[in-house]
$ cat target-v3.pdb   # PDB, C-alpha atoms, pLDDT in the B column
ATOM      1  CA  MET A   1      30.954 -84.493 -22.252  1.00 71.00           C
ATOM      2  CA  ALA A   2      31.116 -87.657 -24.349  1.00 88.00           C
ATOM      3  CA  HIS A   3      33.387 -88.264 -27.333  1.00 93.00           C
ATOM      4  CA  LEU A   4      31.153 -89.439 -30.168  1.00 95.00           C
ATOM      5  CA  LEU A   5      32.077 -90.916 -33.543  1.00 96.00           C
ATOM      6  CA  LEU A   6      29.475 -90.321 -36.243  1.00 97.00           C
ATOM      7  CA  VAL A   7      29.650 -92.646 -39.278  1.00 97.00           C
ATOM      8  CA  GLU A   8      27.298 -91.183 -41.876  1.00 96.00           C
ATOM      9  CA  ASP A   9      27.697 -90.984 -45.665  1.00 95.00           C
ATOM     10  CA  ASP A  10      25.373 -88.020 -46.312  1.00 95.00           C
ATOM     11  CA  ALA A  11      27.550 -84.929 -45.906  1.00 95.00           C
ATOM     12  CA  ARG A  12      24.609 -82.631 -45.076  1.00 95.00           C
ATOM     13  CA  VAL A  13      23.230 -84.983 -42.420  1.00 94.00           C
ATOM     14  CA  ARG A  14      26.735 -85.534 -41.056  1.00 95.00           C
ATOM     15  CA  SER A  15      27.354 -81.800 -40.781  1.00 95.00           C
ATOM     16  CA  ALA A  16      23.950 -81.067 -39.218  1.00 94.00           C
ATOM     17  CA  LEU A  17      24.260 -83.844 -36.646  1.00 94.00           C
ATOM     18  CA  THR A  18      27.820 -82.844 -35.793  1.00 95.00           C
ATOM     19  CA  ARG A  19      26.690 -79.258 -35.106  1.00 94.00           C
ATOM     20  CA  ALA A  20      23.632 -80.366 -33.139  1.00 94.00           C
ATOM     21  CA  LEU A  21      25.439 -82.931 -30.990  1.00 93.00           C
ATOM     22  CA  THR A  22      28.261 -80.486 -30.351  1.00 93.00           C
ATOM     23  CA  GLY A  23      25.579 -78.053 -29.220  1.00 92.00           C
ATOM     24  CA  HIS A  24      24.400 -80.694 -26.740  1.00 91.00           C
ATOM     25  CA  GLY A  25      27.879 -80.709 -25.207  1.00 90.00           C
ATOM     26  CA  HIS A  26      29.515 -83.642 -26.969  1.00 92.00           C
ATOM     27  CA  ALA A  27      32.849 -83.808 -28.763  1.00 93.00           C
ATOM     28  CA  VAL A  28      32.104 -85.190 -32.234  1.00 95.00           C
ATOM     29  CA  THR A  29      34.355 -86.652 -34.916  1.00 95.00           C
ATOM     30  CA  SER A  30      32.973 -88.164 -38.092  1.00 96.00           C
ATOM     31  CA  ALA A  31      33.597 -90.423 -41.065  1.00 96.00           C
ATOM     32  CA  GLY A  32      31.750 -90.714 -44.361  1.00 96.00           C
ATOM     33  CA  ALA A  33      32.235 -94.458 -44.948  1.00 96.00           C
ATOM     34  CA  GLY A  34      32.621 -97.745 -43.107  1.00 94.00           C
ATOM     35  CA  MET A  35      36.349 -98.417 -43.307  1.00 95.00           C
ATOM     36  CA  PRO A  36      37.393 -94.886 -42.290  1.00 95.00           C
ATOM     37  CA  GLY A  37      34.866 -95.182 -39.467  1.00 95.00           C
ATOM     38  CA  LEU A  38      36.434 -98.431 -38.248  1.00 93.00           C
ATOM     39  CA  THR A  39      39.879 -96.857 -38.376  1.00 93.00           C
ATOM     40  CA  ARG A  40      38.731 -93.834 -36.368  1.00 93.00           C
ATOM     41  CA  ALA A  41      36.952 -96.059 -33.834  1.00 92.00           C
ATOM     42  CA  LEU A  42      40.128 -98.039 -33.183  1.00 89.00           C
ATOM     43  CA  GLU A  43      42.467 -95.038 -33.152  1.00 89.00           C
ATOM     44  CA  GLU A  44      40.298 -92.565 -31.226  1.00 89.00           C
ATOM     45  CA  ARG A  45      38.451 -94.937 -28.874  1.00 89.00           C
ATOM     46  CA  PRO A  46      35.234 -92.876 -28.696  1.00 92.00           C
ATOM     47  CA  ASP A  47      32.715 -93.245 -25.889  1.00 92.00           C
ATOM     48  CA  LEU A  48      29.961 -94.107 -28.380  1.00 95.00           C
ATOM     49  CA  VAL A  49      29.495 -94.620 -32.135  1.00 96.00           C
ATOM     50  CA  VAL A  50      26.472 -93.410 -34.099  1.00 97.00           C
ATOM     51  CA  LEU A  51      26.361 -95.619 -37.196  1.00 97.00           C
ATOM     52  CA  ASP A  52      24.362 -95.351 -40.413  1.00 96.00           C
ATOM     53  CA  LEU A  53      23.643 -98.613 -42.265  1.00 95.00           C
ATOM     54  CA  GLY A  54      23.605 -97.250 -45.835  1.00 93.00           C
ATOM     55  CA  LEU A  55      27.325 -96.656 -46.315  1.00 95.00           C
ATOM     56  CA  PRO A  56      29.085 -96.460 -49.703  1.00 95.00           C
ATOM     57  CA  ASP A  57      31.793 -99.065 -49.087  1.00 94.00           C
ATOM     58  CA  LEU A  58      30.374-101.575 -46.595  1.00 93.00           C
ATOM     59  CA  ASP A  59      26.957-102.449 -45.247  1.00 93.00           C
ATOM     60  CA  GLY A  60      26.574-100.898 -41.819  1.00 93.00           C
ATOM     61  CA  CYS A  61      25.833-104.253 -40.183  1.00 93.00           C
ATOM     62  CA  GLU A  62      29.101-105.611 -41.554  1.00 93.00           C
ATOM     63  CA  VAL A  63      30.904-102.589 -40.102  1.00 94.00           C
ATOM     64  CA  LEU A  64      29.181-103.290 -36.789  1.00 93.00           C
ATOM     65  CA  ARG A  65      30.260-106.942 -36.776  1.00 91.00           C
ATOM     66  CA  MET A  66      33.847-105.974 -37.580  1.00 92.00           C
ATOM     67  CA  LEU A  67      33.821-103.380 -34.805  1.00 91.00           C
ATOM     68  CA  ARG A  68      32.327-105.820 -32.324  1.00 89.00           C
ATOM     69  CA  ALA A  69      35.144-108.285 -33.011  1.00 85.00           C
ATOM     70  CA  VAL A  70      37.641-105.839 -31.521  1.00 83.00           C
ATOM     71  CA  SER A  71      35.704-103.380 -29.361  1.00 86.00           C
ATOM     72  CA  ALA A  72      32.821-103.169 -26.885  1.00 86.00           C
ATOM     73  CA  VAL A  73      32.165 -99.472 -27.600  1.00 90.00           C
ATOM     74  CA  PRO A  74      28.419 -98.680 -27.430  1.00 92.00           C
ATOM     75  CA  VAL A  75      26.825 -98.292 -30.873  1.00 94.00           C
ATOM     76  CA  ILE A  76      23.567 -96.592 -31.807  1.00 95.00           C
ATOM     77  CA  VAL A  77      22.380 -97.383 -35.332  1.00 95.00           C
ATOM     78  CA  ALA A  78      20.809 -94.291 -36.915  1.00 94.00           C
ATOM     79  CA  THR A  79      19.310 -95.118 -40.301  1.00 92.00           C
ATOM     80  CA  ALA A  80      16.353 -94.703 -42.634  1.00 92.00           C
ATOM     81  CA  ARG A  81      15.800 -98.479 -42.686  1.00 91.00           C
ATOM     82  CA  ASP A  82      12.681 -99.130 -40.620  1.00 89.00           C
ATOM     83  CA  ALA A  83      11.842-102.746 -41.543  1.00 90.00           C
ATOM     84  CA  GLU A  84      11.714-105.077 -38.543  1.00 87.00           C
ATOM     85  CA  PRO A  85      14.192-107.619 -40.045  1.00 88.00           C
ATOM     86  CA  GLU A  86      16.749-104.810 -40.444  1.00 89.00           C
ATOM     87  CA  ILE A  87      16.268-103.723 -36.843  1.00 90.00           C
ATOM     88  CA  VAL A  88      16.630-107.290 -35.598  1.00 87.00           C
ATOM     89  CA  ARG A  89      19.709-107.833 -37.789  1.00 88.00           C
ATOM     90  CA  ALA A  90      21.429-104.736 -36.400  1.00 90.00           C
ATOM     91  CA  LEU A  91      20.609-105.561 -32.791  1.00 89.00           C
ATOM     92  CA  ASP A  92      21.801-109.142 -33.279  1.00 86.00           C
ATOM     93  CA  ALA A  93      25.025-107.795 -34.793  1.00 87.00           C
ATOM     94  CA  GLY A  94      25.696-105.908 -31.556  1.00 88.00           C
ATOM     95  CA  ALA A  95      23.912-102.546 -31.705  1.00 91.00           C
ATOM     96  CA  ASP A  96      22.927-101.093 -28.327  1.00 89.00           C
ATOM     97  CA  ASP A  97      20.043 -99.040 -29.745  1.00 91.00           C
ATOM     98  CA  TYR A  98      18.348 -98.307 -33.069  1.00 92.00           C
ATOM     99  CA  VAL A  99      16.795 -95.026 -34.164  1.00 92.00           C
ATOM    100  CA  VAL A 100      14.994 -94.468 -37.481  1.00 92.00           C
ATOM    101  CA  LYS A 101      15.391 -91.322 -39.589  1.00 91.00           C
ATOM    102  CA  PRO A 102      14.049 -88.715 -39.511  1.00 89.00           C
ATOM    103  CA  PHE A 103      14.725 -88.005 -35.844  1.00 89.00           C
ATOM    104  CA  SER A 104      15.512 -84.887 -33.875  1.00 89.00           C
ATOM    105  CA  ALA A 105      18.928 -84.161 -32.427  1.00 89.00           C
ATOM    106  CA  ALA A 106      17.262 -83.979 -29.002  1.00 89.00           C
ATOM    107  CA  GLN A 107      15.927 -87.534 -29.395  1.00 90.00           C
ATOM    108  CA  LEU A 108      19.312 -88.854 -30.500  1.00 92.00           C
ATOM    109  CA  ASP A 109      21.009 -87.044 -27.619  1.00 91.00           C
ATOM    110  CA  ALA A 110      18.542 -88.606 -25.171  1.00 90.00           C
ATOM    111  CA  ARG A 111      19.285 -92.068 -26.561  1.00 90.00           C
ATOM    112  CA  ILE A 112      23.027 -91.414 -26.364  1.00 92.00           C
ATOM    113  CA  ARG A 113      22.749 -90.376 -22.722  1.00 90.00           C
ATOM    114  CA  ALA A 114      20.584 -93.423 -21.928  1.00 89.00           C
ATOM    115  CA  VAL A 115      23.049 -95.866 -23.526  1.00 88.00           C
ATOM    116  CA  LEU A 116      26.016 -94.249 -21.770  1.00 88.00           C
ATOM    117  CA  ARG A 117      24.129 -94.282 -18.448  1.00 83.00           C
ATOM    118  CA  ARG A 118      23.370 -97.968 -18.905  1.00 79.00           C
ATOM    119  CA  GLY A 119      27.014 -98.635 -19.683  1.00 71.00           C
ATOM    120  CA  ARG A 120      28.164 -96.878 -16.517  1.00 66.00           C
ATOM    121  CA  THR A 121      25.709 -98.888 -14.420  1.00 54.00           C
ATOM    122  CA  GLU A 122      26.829-102.138 -16.008  1.00 54.00           C
ATOM    123  CA  GLY A 123      30.436-100.985 -15.841  1.00 48.00           C
ATOM    124  CA  ALA A 124      30.875-101.493 -12.099  1.00 54.00           C
ATOM    125  CA  GLU A 125      34.086-103.458 -11.692  1.00 62.00           C
ATOM    126  CA  PRO A 126      33.195-107.171 -11.881  1.00 70.00           C
ATOM    127  CA  ALA A 127      34.523-109.697  -9.402  1.00 80.00           C
ATOM    128  CA  PRO A 128      37.333-111.987 -10.613  1.00 89.00           C
ATOM    129  CA  VAL A 129      36.263-115.407 -11.900  1.00 92.00           C
ATOM    130  CA  ARG A 130      37.958-118.421 -10.295  1.00 94.00           C
ATOM    131  CA  VAL A 131      37.830-121.994 -11.604  1.00 95.00           C
ATOM    132  CA  GLY A 132      40.376-124.306 -10.030  1.00 94.00           C
ATOM    133  CA  GLY A 133      43.790-122.736 -10.531  1.00 95.00           C
ATOM    134  CA  LEU A 134      42.433-120.237 -13.060  1.00 96.00           C
ATOM    135  CA  LEU A 135      41.897-116.625 -12.039  1.00 95.00           C
ATOM    136  CA  ILE A 136      40.342-114.295 -14.612  1.00 94.00           C
ATOM    137  CA  GLU A 137      40.151-110.557 -13.979  1.00 91.00           C
ATOM    138  CA  GLU A 138      37.734-109.041 -16.474  1.00 83.00           C
ATOM    139  CA  ALA A 139      38.427-105.424 -15.490  1.00 78.00           C
ATOM    140  CA  GLY A 140      42.134-105.706 -16.313  1.00 82.00           C
ATOM    141  CA  ARG A 141      41.592-108.345 -19.010  1.00 86.00           C
ATOM    142  CA  GLU A 142      44.179-110.599 -17.391  1.00 92.00           C
ATOM    143  CA  ALA A 143      44.129-114.336 -16.702  1.00 95.00           C
ATOM    144  CA  PHE A 144      46.387-116.363 -14.416  1.00 96.00           C
ATOM    145  CA  LEU A 145      46.972-120.108 -14.158  1.00 96.00           C
ATOM    146  CA  ASP A 146      48.384-121.218 -10.801  1.00 94.00           C
ATOM    147  CA  GLY A 147      49.596-117.663 -10.250  1.00 94.00           C
ATOM    148  CA  VAL A 148      51.328-117.335 -13.630  1.00 95.00           C
ATOM    149  CA  ARG A 149      49.967-114.724 -16.045  1.00 94.00           C
ATOM    150  CA  LEU A 150      48.727-116.183 -19.325  1.00 95.00           C
ATOM    151  CA  GLU A 151      49.718-114.388 -22.531  1.00 94.00           C
ATOM    152  CA  LEU A 152      46.380-114.339 -24.336  1.00 91.00           C
ATOM    153  CA  THR A 153      45.175-112.545 -27.436  1.00 88.00           C
ATOM    154  CA  PRO A 154      42.019-110.415 -26.951  1.00 84.00           C
ATOM    155  CA  LYS A 155      39.820-113.089 -28.516  1.00 86.00           C
ATOM    156  CA  GLU A 156      41.442-115.893 -26.498  1.00 91.00           C
ATOM    157  CA  PHE A 157      40.725-113.903 -23.346  1.00 92.00           C
ATOM    158  CA  ASP A 158      37.089-113.341 -24.389  1.00 90.00           C
ATOM    159  CA  LEU A 159      36.660-117.044 -25.101  1.00 93.00           C
ATOM    160  CA  LEU A 160      38.240-118.127 -21.822  1.00 95.00           C
ATOM    161  CA  HIS A 161      36.237-115.609 -19.803  1.00 93.00           C
ATOM    162  CA  TYR A 162      32.942-116.587 -21.450  1.00 91.00           C
ATOM    163  CA  LEU A 163      33.484-120.267 -20.655  1.00 95.00           C
ATOM    164  CA  ALA A 164      34.872-119.668 -17.154  1.00 94.00           C
ATOM    165  CA  ALA A 165      31.827-117.556 -16.276  1.00 91.00           C
ATOM    166  CA  ARG A 166      29.761-120.732 -16.946  1.00 92.00           C
ATOM    167  CA  PRO A 167      31.802-123.463 -15.196  1.00 92.00           C
ATOM    168  CA  GLY A 168      30.617-126.984 -15.984  1.00 92.00           C
ATOM    169  CA  GLN A 169      28.077-125.714 -18.519  1.00 93.00           C
ATOM    170  CA  VAL A 170      28.287-127.105 -22.043  1.00 93.00           C
ATOM    171  CA  VAL A 171      28.388-124.201 -24.511  1.00 91.00           C
ATOM    172  CA  SER A 172      27.727-124.834 -28.202  1.00 91.00           C
ATOM    173  CA  LYS A 173      29.960-123.490 -30.960  1.00 88.00           C
ATOM    174  CA  ARG A 174      26.976-121.602 -32.334  1.00 86.00           C
ATOM    175  CA  GLU A 175      26.608-119.791 -29.005  1.00 85.00           C
ATOM    176  CA  LEU A 176      30.320-119.002 -28.903  1.00 88.00           C
ATOM    177  CA  LEU A 177      30.198-117.595 -32.431  1.00 84.00           C
ATOM    178  CA  ALA A 178      27.218-115.422 -31.491  1.00 77.00           C
ATOM    179  CA  GLU A 179      28.380-114.225 -28.082  1.00 78.00           C
ATOM    180  CA  VAL A 180      32.189-114.115 -28.379  1.00 82.00           C
ATOM    181  CA  TRP A 181      32.583-113.381 -32.094  1.00 77.00           C
ATOM    182  CA  ARG A 182      29.247-111.550 -32.513  1.00 67.00           C
ATOM    183  CA  MET A 183      28.506-113.671 -35.574  1.00 65.00           C
ATOM    184  CA  ALA A 184      24.813-114.199 -34.899  1.00 51.00           C
ATOM    185  CA  TYR A 185      24.024-115.432 -38.402  1.00 50.00           C
ATOM    186  CA  GLY A 186      26.685-118.039 -38.766  1.00 51.00           C
ATOM    187  CA  GLY A 187      30.380-118.429 -39.268  1.00 54.00           C
ATOM    188  CA  GLY A 188      32.835-121.236 -39.383  1.00 60.00           C
ATOM    189  CA  ASP A 189      33.102-123.752 -36.564  1.00 68.00           C
ATOM    190  CA  LYS A 190      36.783-123.849 -37.507  1.00 82.00           C
ATOM    191  CA  THR A 191      37.165-120.360 -36.012  1.00 83.00           C
ATOM    192  CA  VAL A 192      36.126-121.710 -32.618  1.00 88.00           C
ATOM    193  CA  ASP A 193      38.170-124.908 -33.009  1.00 90.00           C
ATOM    194  CA  VAL A 194      41.352-123.000 -33.828  1.00 91.00           C
ATOM    195  CA  HIS A 195      40.998-120.640 -30.874  1.00 92.00           C
ATOM    196  CA  LEU A 196      40.204-123.516 -28.529  1.00 94.00           C
ATOM    197  CA  SER A 197      43.346-125.281 -29.738  1.00 94.00           C
ATOM    198  CA  TRP A 198      45.466-122.177 -29.088  1.00 94.00           C
ATOM    199  CA  LEU A 199      43.854-121.724 -25.691  1.00 95.00           C
ATOM    200  CA  ARG A 200      44.470-125.359 -24.729  1.00 95.00           C
ATOM    201  CA  ARG A 201      48.171-124.994 -25.511  1.00 95.00           C
ATOM    202  CA  LYS A 202      48.412-121.961 -23.272  1.00 95.00           C
ATOM    203  CA  LEU A 203      46.641-123.878 -20.491  1.00 96.00           C
ATOM    204  CA  GLY A 204      49.165-126.703 -20.888  1.00 95.00           C
ATOM    205  CA  GLU A 205      46.721-129.278 -22.179  1.00 94.00           C
ATOM    206  CA  SER A 206      45.468-130.812 -25.410  1.00 91.00           C
ATOM    207  CA  ALA A 207      42.220-132.134 -26.846  1.00 87.00           C
ATOM    208  CA  HIS A 208      43.451-135.685 -26.157  1.00 90.00           C
ATOM    209  CA  ARG A 209      44.528-134.879 -22.602  1.00 92.00           C
ATOM    210  CA  PRO A 210      42.130-132.154 -21.434  1.00 92.00           C
ATOM    211  CA  ARG A 211      42.100-130.594 -17.992  1.00 94.00           C
ATOM    212  CA  TYR A 212      40.056-127.388 -18.018  1.00 96.00           C
ATOM    213  CA  LEU A 213      38.594-127.434 -21.535  1.00 96.00           C
ATOM    214  CA  GLN A 214      36.530-130.530 -22.204  1.00 94.00           C
ATOM    215  CA  THR A 215      34.788-131.240 -25.500  1.00 92.00           C
ATOM    216  CA  VAL A 216      31.346-132.823 -25.437  1.00 91.00           C
ATOM    217  CA  HIS A 217      31.182-134.321 -28.925  1.00 89.00           C
ATOM    218  CA  GLY A 218      28.243-133.177 -30.990  1.00 85.00           C
ATOM    219  CA  VAL A 219      27.221-130.622 -28.357  1.00 88.00           C
ATOM    220  CA  GLY A 220      29.987-128.168 -27.531  1.00 91.00           C
ATOM    221  CA  VAL A 221      32.686-127.452 -24.962  1.00 95.00           C
ATOM    222  CA  LYS A 222      32.775-126.767 -21.242  1.00 95.00           C
ATOM    223  CA  LEU A 223      35.332-125.426 -18.785  1.00 96.00           C
ATOM    224  CA  VAL A 224      35.653-127.381 -15.553  1.00 95.00           C
ATOM    225  CA  ASP A 225      37.697-127.399 -12.362  1.00 95.00           C
ATOM    226  CA  PRO A 226      40.059-130.363 -12.877  1.00 93.00           C
ATOM    227  CA  GLY A 227      40.407-130.827  -9.127  1.00 87.00           C
ATOM    228  CA  ALA A 228      36.687-131.024  -8.430  1.00 79.00           C
TER     229      ALA A 228
END

$ encode --input "target-v3.pdb" --output "C-alpha cells"
Amino acid sequence: MAHLLLVEDDARVRSALTRALTGHGHAVTSAGAGMPGLTRALEERPDLVVLDLGLPDLDGCEVLRMLRAVSAVPVIVATARDAEPEIVRALDAGADDYVVKPFSAAQLDARIRAVLRRGRTEGAEPAPVRVGGLLIEEAGREAFLDGVRLELTPKEFDLLHYLAARPGQVVSKRELLAEVWRMAYGGGDKTVDVHLSWLRRKLGESAHRPRYLQTVHGVGVKLVDPGA
C-alpha cells in the first residue's frame, strides 16, 4: 500500500479519485490548492504526489518547482492540459510522469505503480563518493572532510554531492540551477554563488584560496582532489 497525496482543485474529481485509488489499495490524502498541498507533502511525506496543474492559488508547475527544492518525492502530473509545451514544462520542472484527463483510475494506478517500481529499482543504496579527504554518503545525506562531519544544509549537501559525483568536470551555473535547484527555465546565478561561498567556508577554503572548489571563469565550477 502506498501513501498518496492528491492535489486537485475540482472537489468532484478529487473525491472520485480518492475513492478509486483507495479501492486500488492506496492510502490517499488530498488538498484542493497548491500551498495546502505543499504543506501536506512536507508534513506527511507521502510516497507519491498526484498533482493537477490548474490550481486556484498557484500554477501547478510552480508548486512542482517549490516541492522539488525540498523533496525528491515522485510526482505524477494529472491535468487536462495536453499541449506539448505544457508537458515538456512539467517534466523539466521535475515531474516523473504526465497523464492527461480524462483518464481511468486503473490507468492512473498503473502509472503510480510503475513510478514507484522505478523508484525502488533506482533506490538501491548508492556507494559513498570519495574525492581526496571528502567522503559523501548519499543514503544518509552526510558528508565528512578528513573524518569530521560537515554541518550542511540540504541544498549545500545536494550541491556538494552533485559536484563530487563529477570530479574534475567543469559544471556550469545553468546546469547547477537546473539539476540541483530544478530551475530549468532560469534563475539567478547569485543563488549558486551564495551557496558556493557558504560551502567553501565549511570546507575551510575561499574563492581566492581554493582547494576542492575551483572556479573556471566564464564557464563554471569544478570539484577536484587537492592532493592529486

$ resolve_selection --input "target-v3.pdb" --expression "the PyMOL selection byres ((chain A and resi 128) around 9)" --output "PDB file with C-alpha atoms, in the frame of the given file"
ATOM      1  CA  PRO A 126      33.195-107.171 -11.881  1.00 70.00           C
ATOM      2  CA  ALA A 127      34.523-109.697  -9.402  1.00 80.00           C
ATOM      3  CA  VAL A 129      36.263-115.407 -11.900  1.00 92.00           C
ATOM      4  CA  ARG A 130      37.958-118.421 -10.295  1.00 94.00           C
ATOM      5  CA  LEU A 135      41.897-116.625 -12.039  1.00 95.00           C
ATOM      6  CA  ILE A 136      40.342-114.295 -14.612  1.00 94.00           C
ATOM      7  CA  GLU A 137      40.151-110.557 -13.979  1.00 91.00           C
ATOM      8  CA  GLU A 138      37.734-109.041 -16.474  1.00 83.00           C
ATOM      9  CA  ALA A 139      38.427-105.424 -15.490  1.00 78.00           C
TER      10      ALA A 139
END

$ residues_around --input "target-v3.pdb" --residues "Arg40 in chain A" --least-positions-apart "4" --cutoff "10 Å" --atoms "all atoms listed in the file" --output "MDAnalysis selection string"
chainID A and resid 5:7 29:31 34:36 44:46

$ write_last_selection --input "target-v3.pdb" --atoms "C-alpha atoms" --output "short mmCIF file (atom, residue, chain, number, x, y, z; two decimals), in the coordinates of the input"
data_model
loop_
_atom_site.label_atom_id
_atom_site.label_comp_id
_atom_site.auth_asym_id
_atom_site.auth_seq_id
_atom_site.Cartn_x
_atom_site.Cartn_y
_atom_site.Cartn_z
CA LEU A 5 32.08 -90.92 -33.54
CA LEU A 6 29.48 -90.32 -36.24
CA VAL A 7 29.65 -92.65 -39.28
CA THR A 29 34.35 -86.65 -34.92
CA SER A 30 32.97 -88.16 -38.09
CA ALA A 31 33.60 -90.42 -41.06
CA GLY A 34 32.62 -97.74 -43.11
CA MET A 35 36.35 -98.42 -43.31
CA PRO A 36 37.39 -94.89 -42.29
CA GLU A 44 40.30 -92.56 -31.23
CA ARG A 45 38.45 -94.94 -28.87
CA PRO A 46 35.23 -92.88 -28.70
#

$ resolve_selection --input "target-v3.pdb" --expression "the PyMOL selection byres ((chain A and resi 97) around 7)" --output "number ranges by chain"
A: 75-77, 95-96, 98-99

$ atom_distance --input "target-v3.pdb" --atom1 "CA of Leu152 in chain A" --atom2 "CA of Leu199 in chain A"
7.9 Å

$ closest_residue --input "target-v3.pdb" --among "A:Leu51, A:Val63, A:Met1, A:Leu223" --to "Ala93 in chain A" --atoms "all atoms listed in the file"
A:Val63

$ resolve_selection --input "target-v3.pdb" --expression "the PyMOL selection byres ((chain A and resi 73) around 9)" --output "mmCIF file with C-alpha atoms, in the coordinates of the input"
data_model
loop_
_atom_site.group_PDB
_atom_site.id
_atom_site.type_symbol
_atom_site.label_atom_id
_atom_site.label_comp_id
_atom_site.auth_asym_id
_atom_site.auth_seq_id
_atom_site.Cartn_x
_atom_site.Cartn_y
_atom_site.Cartn_z
ATOM 1 C CA ALA A 41 36.952 -96.059 -33.834
ATOM 2 C CA ARG A 45 38.451 -94.937 -28.874
ATOM 3 C CA PRO A 46 35.234 -92.876 -28.696
ATOM 4 C CA ASP A 47 32.715 -93.245 -25.889
ATOM 5 C CA LEU A 48 29.961 -94.107 -28.380
ATOM 6 C CA VAL A 49 29.495 -94.620 -32.135
ATOM 7 C CA LEU A 67 33.821 -103.380 -34.805
ATOM 8 C CA ARG A 68 32.327 -105.820 -32.324
ATOM 9 C CA SER A 71 35.704 -103.380 -29.361
ATOM 10 C CA ALA A 72 32.821 -103.169 -26.885
ATOM 11 C CA PRO A 74 28.419 -98.680 -27.430
ATOM 12 C CA VAL A 75 26.825 -98.292 -30.873
#

$ closest_residue --input "target-v3.pdb" --among "A:Val194, A:Leu145, A:Val219, A:Val224" --to "Glu175 in chain A" --atoms "all atoms listed in the file"
A:Val219

$ closest_residue --input "target-v3.pdb" --among "A:Leu203, A:Ala164, A:Val70, A:Ala33" --to "Pro56 in chain A" --atoms "all atoms listed in the file"
A:Ala33

$ residues_around --input "target-v3.pdb" --residues "Leu159 in chain A" --least-positions-apart "2" --cutoff "10 Å" --atoms "only C-alpha atoms" --output "list in words"
Thr153, Pro154, Lys155, Glu156, Phe157, His161, Tyr162, Leu163, Ala164, Leu176, Leu177, Glu179, Val180, Trp181, Val192, His195, Leu196 and Leu199 of chain A

$ closest_residue --input "target-v3.pdb" --among "A:Asp57, A:Glu86, A:Asp225, A:Glu142" --to "Asp158 in chain A" --atoms "all atoms listed in the file"
A:Glu142

$ closest_residue --input "target-v3.pdb" --among "A:Arg113, A:Arg12, A:Lys202, A:Lys190" --to "Lys173 in chain A" --atoms "only C-alpha atoms"
A:Lys190

$ closest_residue --input "target-v3.pdb" --among "A:Ala165, A:Ala69, A:Val100, A:Leu38" --to "Arg81 in chain A" --atoms "all atoms listed in the file"
A:Val100
